[in-house]
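Undergrad: Have a look at this one.
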Amino acid sequence: MPEIKVLPEDVVSKIAAGEVIERPASVLKELIENSLDAGAAKIEIEIKKAGRGLIRVHDDGRGMDREDLRLALGRHATSKLNVFDDLYSLATFGFRGEALYSIFAVSRLKMSSFRAGAASGFAIEGEGGRVVAELPAPPVTGTTIEAADLFFNTPARAKFMKSDASERAQIIRTVEEAALANCGTAFRLVIDGSEILSVPALPGGMWENLKNRAAAVFGKSVYAGLARLEGKAEGMAVYGFVSRPDALGATRLNQYFFVNRRPVGSAILRQALYRGYGHMLTGRHPACALFLELDPGAFDANIHPQKRDVKFSGENEIFKTISNTVYEELLSKQTPAVQFAPPAAEGGNKFSAPDVPAYREAAAAPAPAAETGGLFSAPAQLPQAQEAFPAEDWRAHELAYLGQLAKSYLLFESAAGLLVVDQHAAQERVLFEKYLEEFSQGAIKVQPLLVPLEAELSRSQMETVLKWSGWLKTAGFEIDQRGPAVALLRAAPSLFYFTQPAFAEFIGYLSEVLGEPGKAAEDIKRNIIATMACKKSIKARDFVKPQEAARLMADLKKTKDSYHCPHGRPTLFYLSGTEIARRFQRSSAL
Ligand code: ADP
Ligand code: MG
């Protein structure tokens with residue numbers, strides 16, 4: 001008996017399916033690409049149970065006749081490739097004729113299609129790669145494909161699927177990518193009965209269209225921070241949108257890269273983007289919709305089963321072109337440094353805040369490691385303030401309030417000198433500790449809002465917020481959904497006060513930072529929410545009355561760390577009597 005056996009067809013097909021079809025989103029990606037290749041002007045997508053239940057894609061493209069429909073299910077059946085060389089010059093998304101074959105192998109599949117001019121439509125039904133029925137179908141232009149019960153016959157693979165929430169997020173991302181890269185096609189995505197994304201086919205010019213789609217995909221707040229980008233080099237063009245340096249985000253989730261309008265996850269492109277920001281990044285991440293156009297012969301999309309990764313022949317040129325384009329574009333838009341530091345030549349006396357540009361200030365917020373498992377990390381340590389803190393304990397002396405400076409600083413006289421307090425930083429510290437105290441006592445006082453506050457998010461951000469809504473409730477925040485991507489704040493801890501824009505920033509930030517609820521340690525979650533809530537909730541009131549100033553200092557006195565705000569910035573500093581006297585070249589203290 002020979003030892004080598006030829007594998008039976010149903011095993012072969014499952015192996016092939018394992019390569020192409022990794023999860024529900026990969027099925028969807030293939031189906032969308034087929035619809036685009038068929039010239040669809042409109043693609044409607046319906047998902048049930050995170051894609052495990054049903055993935056249904058309907059298009060109005062050129063359709064298939066009876067014979068093509070049958071052939072389409074076979075292995076290496078494609079209308080897009082005739083000779084091997086075509087592989088390198090293809091303008092279509094599909095080319096290997098494996099997608100339908102693979103999907104068919106691991107689901108219950110229904111396809112119906114109608115091609116203009118045919119006598120009628122035609123449908124095929126089957127499961128696990130076996131055709132069960134062939135029937136006539138109504139003459140509805142285009143093609144409808146339904147893949148139900150994905151992986152019903154490969155239970156081992158089904159087990160590898162992630163949580164519903166993360167499968168859904170991946171599905172949404174797949175549609176977002178297609179929508180960004182194909183402005184001439186309308187997309188509509190419905191998940192479990194609710195509409196997640198709906199964008200019309202756009203007739204406008206390229207930039208007009210792209211702006212439109214970027215606004216729909218990124219949501220208002222991220223979109224508002226984007227700058228337009230355009231550059232060219234020999235044999236390539238790069239264009240799209242990237243974050244301005246003052247509008248960087250906490251994670252990489254808002255990065256979309258395309259090569260010849262194919263969504264790709266390429267390390268080189270990302271590195272080139274980051275290089276373009278250089279020192280402006282400070283641990284934060286840009287959002288982008290970055291398109292690279294190359295000669296089809298200059299890259300190979302065929303190295304990855306799901307066509308996600310690409311190999312470039314002119315890697316260095318590509319890297320240089322992208323990073324230079326980004327750098328030049330951003331330099332022209334860079335925000336000026338904060339006008340804060342006093343004139344430099346002050347005999348080495350540093351009692352000012354360091355001269356930090358605004359986007360660096362923003363980096364003081366906790367900057368989590370973004371993309372994989374550990375979505376939480378300790379708040380980024382700011383470079384510690386330069387000046388030494390006074391040996392003197394400020395709490396040891398009576399304070400007399402002198403007044404407020406620039407609606408930001410409170411000045412107090414004390415026996416040890418002049419005390420300068422950053423009122424926001426101090427308020428943040430006080431709130432932070434009070435809130436965490438209430439939290440650990442399980443006694444957060446919650447205040448329902450008469451008028452709920454709204455925040456517009458991207459679809460994937462909304463998904464994250466929904467995943468977290470249970471935990472957020474225990475943290476005192478009641479958050480609801482209105483429409484596909486508007487979050488509503490119905491109640492909040494009564495310690496906090498949010499304006500509408502502050503809430504939008506708060507929830508936008510959280511939705512980027514929060515990963516899988518189960519993965520983070522409870523105290524880290526609490527810290528993150530406390531830090532952000534404090535930062536956002538107090539900006540509203542700048543003017544402080546004398547009694548309020550006194551009250552704040554009394555509260556600050558009780559905190560565990562009265563010298564730092566929750567982000568690690570100083571809350572106060574002393575100008576000692578000796579120091580003041582020295583500046584006036586007097587020999588003794590006051
Ligand atoms: P590929 O896209 O690599 O050719 P697929 O297995 O995805 O392979 O599809 C096989 C063939 O079925 C395609 O080449 C195309 O001719 C046909 N086809 C698939 N989906 C559609 C559709 N939505 N509309 C028209 N034709 C389609
Ligand atoms: Mg295909």
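Labels for the structure tokens follow display order: chains A, B, ..., residues from 1 in each chain, ligands from 1.
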Give me, as an MDAnalysis selection string, all polymer residues having an atom no more than 12 Å from A:Leu292, counting only C-alpha atoms and skipping those fewer than 3 positions away in the same chain.
TA: chainID A and resid 181 229:233 235:241 256:264 266 269:270 272:273 289 295:296 298:299 310 312 318:319 321:322 325
Undergrad: Ligand 2: which residues are within 6 Å, counting only C-alpha atoms and all ligand atoms? Reply as a list in words.
TA: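 So, counting only C-alpha atoms and all ligand atoms, the residues near ligand 2 are Glu30, Glu33, Asn34, Gly94 and Ala99 of chain A.
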Undergrad: Please run DSSP on the backbone and report, as a ChimeraX atom specification, all residues within stretch 473-584 of chain A that come out as helix (DSSP H, G or I).
TA: /A:473-474,500-513,517-519,522-537,546-557,577-583
Undergrad: Atom CA of A:Val106 and atom CA of A:Ala137 are how many Å apart?
TA: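 We find that atom CA of A:Val106 and atom CA of A:Ala137 lie 23.8 Å from each other.
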Undergrad: Find, counting only C-alpha atoms, the residue in A:Asp300, A:Ser440, A:Ser221, A:Gly265 that gets nearest to A:Phe503.
TA: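 Residue with the minimum atom-to-atom distance to A:Phe503: A:Ser221.
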Undergrad: Where does DSSP see strand (DSSP E or B) in stretch 44-158 of chain A, if you list the residues as a VMD selection string?
TA: chain A and resid 44 to 48 54 to 59 108 to 114 121 to 127 130 to 137 142 to 148
Undergrad: Okay, now the selection with N, CA, C and O atoms, as a compact mmCIF listing (two decimals), in the first residue's frame?
TA:
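And here's out.txt as it stands now:
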# COMPACT_ATOMS: atom_id res chain seq x y z
N GLU A 44 -25.17 46.46 -0.26
CA GLU A 44 -25.89 46.42 1.02
C GLU A 44 -25.46 45.19 1.80
O GLU A 44 -25.45 44.08 1.27
N ILE A 45 -25.14 45.41 3.06
CA ILE A 45 -24.59 44.33 3.87
C ILE A 45 -25.45 44.12 5.12
O ILE A 45 -25.79 45.08 5.80
N GLU A 46 -25.77 42.87 5.36
CA GLU A 46 -26.52 42.57 6.56
C GLU A 46 -25.78 41.50 7.36
O GLU A 46 -25.36 40.49 6.81
N ILE A 47 -25.64 41.76 8.65
CA ILE A 47 -24.88 40.85 9.51
C ILE A 47 -25.75 40.42 10.67
O ILE A 47 -26.46 41.25 11.26
N LYS A 48 -25.70 39.13 10.98
CA LYS A 48 -26.37 38.69 12.21
C LYS A 48 -25.40 37.93 13.08
O LYS A 48 -24.55 37.20 12.57
N LEU A 54 -25.15 35.14 10.12
CA LEU A 54 -25.38 35.44 8.71
C LEU A 54 -24.51 36.59 8.22
O LEU A 54 -24.31 37.58 8.93
N ILE A 55 -23.98 36.40 7.01
CA ILE A 55 -23.33 37.50 6.30
C ILE A 55 -24.01 37.57 4.94
O ILE A 55 -23.95 36.62 4.17
N ARG A 56 -24.67 38.69 4.71
CA ARG A 56 -25.42 38.79 3.46
C ARG A 56 -24.95 40.03 2.72
O ARG A 56 -24.92 41.12 3.29
N VAL A 57 -24.57 39.84 1.45
CA VAL A 57 -24.11 40.99 0.66
C VAL A 57 -24.92 41.05 -0.63
O VAL A 57 -24.98 40.08 -1.38
N HIS A 58 -25.55 42.18 -0.83
CA HIS A 58 -26.32 42.36 -2.06
C HIS A 58 -25.72 43.50 -2.87
O HIS A 58 -25.44 44.57 -2.33
N ASP A 59 -25.50 43.25 -4.17
CA ASP A 59 -24.98 44.33 -5.00
C ASP A 59 -25.81 44.50 -6.26
O ASP A 59 -26.62 43.64 -6.60
N ARG A 108 -23.23 27.58 5.11
CA ARG A 108 -24.39 27.27 4.28
C ARG A 108 -24.57 28.47 3.36
O ARG A 108 -24.83 29.58 3.84
N LEU A 109 -24.40 28.23 2.07
CA LEU A 109 -24.30 29.34 1.12
C LEU A 109 -25.52 29.41 0.20
O LEU A 109 -26.02 28.39 -0.25
N LYS A 110 -25.97 30.63 -0.04
CA LYS A 110 -27.05 30.86 -0.99
C LYS A 110 -26.59 31.97 -1.91
O LYS A 110 -26.19 33.03 -1.43
N MET A 111 -26.62 31.71 -3.22
CA MET A 111 -26.25 32.77 -4.15
C MET A 111 -27.35 32.93 -5.15
O MET A 111 -27.83 31.95 -5.72
N SER A 112 -27.77 34.16 -5.37
CA SER A 112 -28.68 34.35 -6.48
C SER A 112 -28.23 35.55 -7.27
O SER A 112 -27.67 36.51 -6.74
N SER A 113 -28.42 35.45 -8.59
CA SER A 113 -27.84 36.47 -9.43
C SER A 113 -28.67 36.63 -10.71
O SER A 113 -29.37 35.70 -11.13
N PHE A 114 -28.57 37.78 -11.28
CA PHE A 114 -29.27 38.03 -12.54
C PHE A 114 -28.39 38.90 -13.41
O PHE A 114 -27.84 39.91 -12.94
N GLY A 121 -33.42 35.14 -13.47
CA GLY A 121 -32.34 35.02 -12.50
C GLY A 121 -32.15 33.55 -12.15
O GLY A 121 -32.93 32.69 -12.56
N PHE A 122 -31.10 33.31 -11.37
CA PHE A 122 -30.78 31.93 -11.07
C PHE A 122 -30.18 31.87 -9.67
O PHE A 122 -29.51 32.80 -9.24
N ALA A 123 -30.46 30.79 -8.96
CA ALA A 123 -29.93 30.69 -7.59
C ALA A 123 -29.36 29.31 -7.32
O ALA A 123 -29.82 28.32 -7.89
N ILE A 124 -28.37 29.27 -6.49
CA ILE A 124 -27.77 28.00 -6.05
C ILE A 124 -27.72 27.98 -4.53
O ILE A 124 -27.39 28.98 -3.91
N GLU A 125 -28.08 26.85 -3.95
CA GLU A 125 -27.97 26.70 -2.49
C GLU A 125 -27.14 25.47 -2.18
O GLU A 125 -27.22 24.47 -2.87
N GLY A 126 -26.36 25.59 -1.14
CA GLY A 126 -25.57 24.43 -0.76
C GLY A 126 -24.96 24.61 0.61
O GLY A 126 -25.14 25.66 1.23
N GLU A 127 -24.27 23.58 1.07
CA GLU A 127 -23.58 23.72 2.35
C GLU A 127 -22.34 22.88 2.39
O GLU A 127 -22.28 21.81 1.77
N ARG A 130 -21.16 21.39 -0.85
CA ARG A 130 -22.05 20.53 -1.64
C ARG A 130 -23.26 21.31 -2.12
O ARG A 130 -23.93 21.95 -1.30
N VAL A 131 -23.53 21.26 -3.43
CA VAL A 131 -24.71 21.95 -3.93
C VAL A 131 -25.96 21.16 -3.55
O VAL A 131 -26.02 19.94 -3.73
N VAL A 132 -26.94 21.81 -2.99
CA VAL A 132 -28.16 21.13 -2.56
C VAL A 132 -29.31 21.42 -3.52
O VAL A 132 -30.12 20.55 -3.81
N ALA A 133 -29.37 22.62 -4.02
CA ALA A 133 -30.47 22.95 -4.93
C ALA A 133 -30.06 24.03 -5.92
O ALA A 133 -29.23 24.88 -5.64
N GLU A 134 -30.65 23.94 -7.11
CA GLU A 134 -30.50 25.01 -8.11
C GLU A 134 -31.90 25.44 -8.48
O GLU A 134 -32.74 24.61 -8.80
N LEU A 135 -32.17 26.73 -8.42
CA LEU A 135 -33.52 27.17 -8.70
C LEU A 135 -33.56 28.49 -9.45
O LEU A 135 -32.57 29.23 -9.43
N PRO A 136 -34.65 28.77 -10.10
CA PRO A 136 -34.77 30.08 -10.75
C PRO A 136 -34.91 31.16 -9.69
O PRO A 136 -35.34 30.90 -8.57
N ALA A 137 -34.54 32.38 -10.06
CA ALA A 137 -34.64 33.49 -9.10
C ALA A 137 -35.22 34.70 -9.82
O ALA A 137 -35.15 34.78 -11.05
N GLY A 142 -28.10 42.26 -10.42
CA GLY A 142 -26.99 42.09 -9.50
C GLY A 142 -26.96 40.74 -8.81
O GLY A 142 -27.57 39.77 -9.29
N THR A 143 -26.27 40.69 -7.72
CA THR A 143 -25.99 39.42 -7.06
C THR A 143 -26.24 39.53 -5.56
O THR A 143 -25.93 40.56 -4.96
N THR A 144 -26.82 38.49 -4.99
CA THR A 144 -26.96 38.44 -3.54
C THR A 144 -26.30 37.16 -3.05
O THR A 144 -26.59 36.08 -3.57
N ILE A 145 -25.42 37.31 -2.09
CA ILE A 145 -24.78 36.12 -1.53
C ILE A 145 -25.02 36.10 -0.02
O ILE A 145 -24.84 37.10 0.65
N GLU A 146 -25.49 34.95 0.45
CA GLU A 146 -25.70 34.80 1.89
C GLU A 146 -24.87 33.64 2.40
O GLU A 146 -25.00 32.53 1.92
N ALA A 147 -23.99 33.93 3.35
CA ALA A 147 -23.24 32.86 3.99
C ALA A 147 -23.76 32.75 5.42
O ALA A 147 -23.60 33.68 6.20
N ALA A 148 -24.41 31.61 5.72
CA ALA A 148 -24.98 31.44 7.06
C ALA A 148 -24.20 30.38 7.81
O ALA A 148 -23.51 29.54 7.22
Undergrad: Which residue is closest to ligand 1? Choose from A:Ala40, A:Ala72, A:Ser166, A:Asp65 and count only C-alpha atoms and all ligand atoms.
TA: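 Counting only C-alpha atoms and all ligand atoms, the residue closest to ligand 1 is A:Ala72.
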Undergrad: Rank nothing, just name the residue among A:Lys311, A:Ala250, A:Val140, A:Leu180 nearest to A:Thr282, using only C-alpha atoms.
TA: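 Using only C-alpha atoms, the shortest distance to A:Thr282 belongs to A:Ala250.
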